[in-house]
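To start, the structure under review is shown below, and the notes come after it.
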Amino acid sequence: MQHQKSLRNFLILSYGLLTGLVLTNFPATALPGETTEEVTTWIKAHPTLRPTSGETLFVQKSDTAAQRFYFLASVFPPGRIAPTENKSKIRTEYIGMYDQNGVTIERLEESLRIIYSLDIYQDYTNAQKVYQYPNESAINQARLAKTPLREAITGELRLGDRYAYWVEIAQPPGGKSVTGRMTIMLKSDLNKIETELRNR
């Protein structure tokens, strides 16, 4: 509950979203699988995202250097850039957050609920956990190789009835995470990103 309150305050106070609309269950009518035109229209009308002039599929919000937020809809699958045959269809949507006061998975999950509908949030919470990282072997390898960033990045993949999800935060040992990202993708793209994460 505290994390939910923190995200609401962060979105309202930091981004100047001063109306009650930010807490409404705005219909998630533009998700991966929809056309770029449909998603652009949805973003433009969204009471939380509220893009500025010139922003279409990429929206950034920042009142201070200590707190930033972005939303991105992409025609490409998640992970490494790969050719796509249909550049008029959105395949992936990202919610990213930077906060020097700390970012948690719970805050990313609450941002998913605020930006999308309760149906999407429930699809995520009921989704099957497919892959979590890093495992103990990866942590030991990172320590031996003296690559603390690799050890610090934690995340998981989930497969829901409607979409697949990827949540990731950078959690340095003994410190707090200040960055995180929630990704909503087509279920058909899950194998691609899982393979890349297992091999990186």
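How things are named: the first chain in the structure tokens is A, the next is B, and so on; residues count from 1 in each chain; ligands count from 1 in the order shown.
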
Write out as CSV a residue-level contact list of stretch 54-90 of chain A versus stretch 165-168 of chain A with cut-off 12 Å: for each qualifying residue the closest pair of atoms and the distance in Å to one decimal, counting only C-alpha atoms, rows sorted by chain and residue number upward.
```
residue,atom,partner,partner_atom,distance
A:Pro77,CA,A:Trp166,CA,12.0
A:Pro78,CA,A:Trp166,CA,9.1
A:Gly79,CA,A:Trp166,CA,10.5
```

What's around A:Glu38 at 12 Å? Count only C-alpha atoms, leave out sequence neighbours fewer than 6 positions away in its own chain, and write the answer as a PDB file with N, CA and C atoms, in the first residue's frame.
```pdb
ATOM      1  N   ALA A  28      -7.839   0.363 -21.373  1.00  0.00           N
ATOM      2  CA  ALA A  28      -6.624   0.013 -22.123  1.00  0.00           C
ATOM      3  C   ALA A  28      -7.042  -0.505 -23.492  1.00  0.00           C
ATOM      4  N   THR A  29      -7.366   0.415 -24.390  1.00  0.00           N
ATOM      5  CA  THR A  29      -7.852   0.025 -25.710  1.00  0.00           C
ATOM      6  C   THR A  29      -6.736  -0.013 -26.739  1.00  0.00           C
ATOM      7  N   ALA A  30      -5.548   0.418 -26.381  1.00  0.00           N
ATOM      8  CA  ALA A  30      -4.430   0.444 -27.329  1.00  0.00           C
ATOM      9  C   ALA A  30      -3.235  -0.263 -26.706  1.00  0.00           C
ATOM     10  N   LEU A  31      -3.081  -1.515 -27.053  1.00  0.00           N
ATOM     11  CA  LEU A  31      -2.036  -2.363 -26.499  1.00  0.00           C
ATOM     12  C   LEU A  31      -1.281  -3.028 -27.639  1.00  0.00           C
ATOM     13  N   PRO A  32      -0.188  -3.748 -27.326  1.00  0.00           N
ATOM     14  CA  PRO A  32       0.509  -4.481 -28.383  1.00  0.00           C
ATOM     15  C   PRO A  32      -0.465  -5.291 -29.236  1.00  0.00           C
ATOM     16  N   LYS A  44      -2.542  10.067 -26.687  1.00  0.00           N
ATOM     17  CA  LYS A  44      -2.906  11.488 -26.705  1.00  0.00           C
ATOM     18  C   LYS A  44      -4.075  11.780 -25.771  1.00  0.00           C
ATOM     19  N   ALA A  45      -5.030  10.841 -25.682  1.00  0.00           N
ATOM     20  CA  ALA A  45      -6.224  11.048 -24.856  1.00  0.00           C
ATOM     21  C   ALA A  45      -6.043  10.589 -23.413  1.00  0.00           C
ATOM     22  N   THR A  56       4.469  11.462 -29.622  1.00  0.00           N
ATOM     23  CA  THR A  56       3.470  10.555 -30.181  1.00  0.00           C
ATOM     24  C   THR A  56       3.535   9.198 -29.479  1.00  0.00           C
ATOM     25  N   LEU A  57       4.508   8.368 -29.864  1.00  0.00           N
ATOM     26  CA  LEU A  57       4.641   7.042 -29.261  1.00  0.00           C
ATOM     27  C   LEU A  57       5.637   7.031 -28.110  1.00  0.00           C
ATOM     28  N   ALA A  73       5.875   3.156 -26.949  1.00  0.00           N
ATOM     29  CA  ALA A  73       5.241   2.101 -27.733  1.00  0.00           C
ATOM     30  C   ALA A  73       6.098   1.876 -28.970  1.00  0.00           C
ATOM     31  N   SER A  88       3.364  -0.943 -38.994  1.00  0.00           N
ATOM     32  CA  SER A  88       2.163  -0.197 -38.614  1.00  0.00           C
ATOM     33  C   SER A  88       1.482  -0.828 -37.403  1.00  0.00           C
ATOM     34  N   LYS A  89       2.114  -1.877 -36.832  1.00  0.00           N
ATOM     35  CA  LYS A  89       1.528  -2.557 -35.668  1.00  0.00           C
ATOM     36  C   LYS A  89       2.473  -2.476 -34.480  1.00  0.00           C
ATOM     37  N   ILE A  90       1.940  -2.057 -33.345  1.00  0.00           N
ATOM     38  CA  ILE A  90       2.724  -1.988 -32.112  1.00  0.00           C
ATOM     39  C   ILE A  90       2.911  -3.397 -31.559  1.00  0.00           C
TER      40      ILE A  90
END
```

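Counting only C-alpha atoms and comparing A:Leu108, A:Ile153, A:Glu34, A:Gly160, the residue that lies closest to A:Gln128 is A:Gly160.
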
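Neighbouring residues of A:Asn191 at 12 Å or closer, counting only C-alpha atoms and skipping chain neighbours under 3 positions away, are A:Pro77, A:Pro78, A:Gly79, A:Val130, A:Tyr131, A:Leu157, A:Arg158, A:Leu159, A:Ala164, A:Tyr165, A:Trp166, A:Met185, A:Leu186, A:Lys187, A:Ser188, A:Glu194, A:Thr195, A:Glu196, A:Leu197, A:Arg198.
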
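Each of A:Gln132, A:Thr41, A:Thr48, A:Thr35 was compared to A:Tyr116 using only C-alpha atoms, and A:Thr48 turns out to be the nearest.
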
Exercise. What are the DSSP alpha helix (DSSP H) residues of stretch 51-197 of chain A, as number ranges by chain?
Worked result: A: 105-115, 118-125, 136-144, 148-152, 190-197

Skip A:Gln100 itself and residues of its chain fewer than 2 positions away, then list as a PDB file with N, CA and C atoms, in the first residue's frame all residues within 8 Å of it, counting only C-alpha atoms.
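Resulting contents of result05.pdb:
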```pdb
ATOM      1  N   ALA A  66      15.898  14.361 -10.297  1.00  0.00           N
ATOM      2  CA  ALA A  66      15.877  13.194  -9.415  1.00  0.00           C
ATOM      3  C   ALA A  66      14.759  12.218  -9.746  1.00  0.00           C
ATOM      4  N   GLN A  67      13.797  12.631 -10.564  1.00  0.00           N
ATOM      5  CA  GLN A  67      12.651  11.784 -10.867  1.00  0.00           C
ATOM      6  C   GLN A  67      12.280  11.923 -12.338  1.00  0.00           C
ATOM      7  N   TYR A  98      12.775   6.415 -13.252  1.00  0.00           N
ATOM      8  CA  TYR A  98      14.015   6.720 -12.536  1.00  0.00           C
ATOM      9  C   TYR A  98      13.641   7.589 -11.350  1.00  0.00           C
ATOM     10  N   GLY A 102      14.205   5.791  -4.854  1.00  0.00           N
ATOM     11  CA  GLY A 102      14.053   4.339  -4.923  1.00  0.00           C
ATOM     12  C   GLY A 102      12.923   3.907  -5.838  1.00  0.00           C
ATOM     13  N   VAL A 103      13.176   2.848  -6.605  1.00  0.00           N
ATOM     14  CA  VAL A 103      12.178   2.238  -7.487  1.00  0.00           C
ATOM     15  C   VAL A 103      12.053   0.772  -7.106  1.00  0.00           C
ATOM     16  N   VAL A 178      17.263   2.542  -8.329  1.00  0.00           N
ATOM     17  CA  VAL A 178      16.782   3.865  -8.726  1.00  0.00           C
ATOM     18  C   VAL A 178      16.185   3.847 -10.135  1.00  0.00           C
TER      19      VAL A 178
END
```

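You will find atom CA of A:Gln171 at 19.1 Å from atom CA of A:Tyr94.
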
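In this comparison, which uses only C-alpha atoms, the residue of A:Thr183, A:Ser117, A:Gln122, A:Ser177 approaching A:Ser74 most closely is A:Thr183.
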
Exercise. From the set A:Asp99, A:Ala82, A:Gly174, A:Asp161, which residue has the shortest atom-to-atom contact distance to A:Lys192, counting only C-alpha atoms?
Worked result: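 Counting only C-alpha atoms, the residue closest to A:Lys192 is A:Ala82.
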
For this session: Rank nothing, just name the residue among A:Lys87, A:Ala65, A:Gln60, A:Ile115 nearest to A:His46, using only C-alpha atoms.
Result: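 Looking only at the distances to A:His46, the closest residue turns out to be A:Ile115.
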
Seminar exercise, completed: For A:Leu190, the closest of A:Arg50, A:Tyr163, A:Asn126, A:Ala170 counting only C-alpha atoms is A:Tyr163
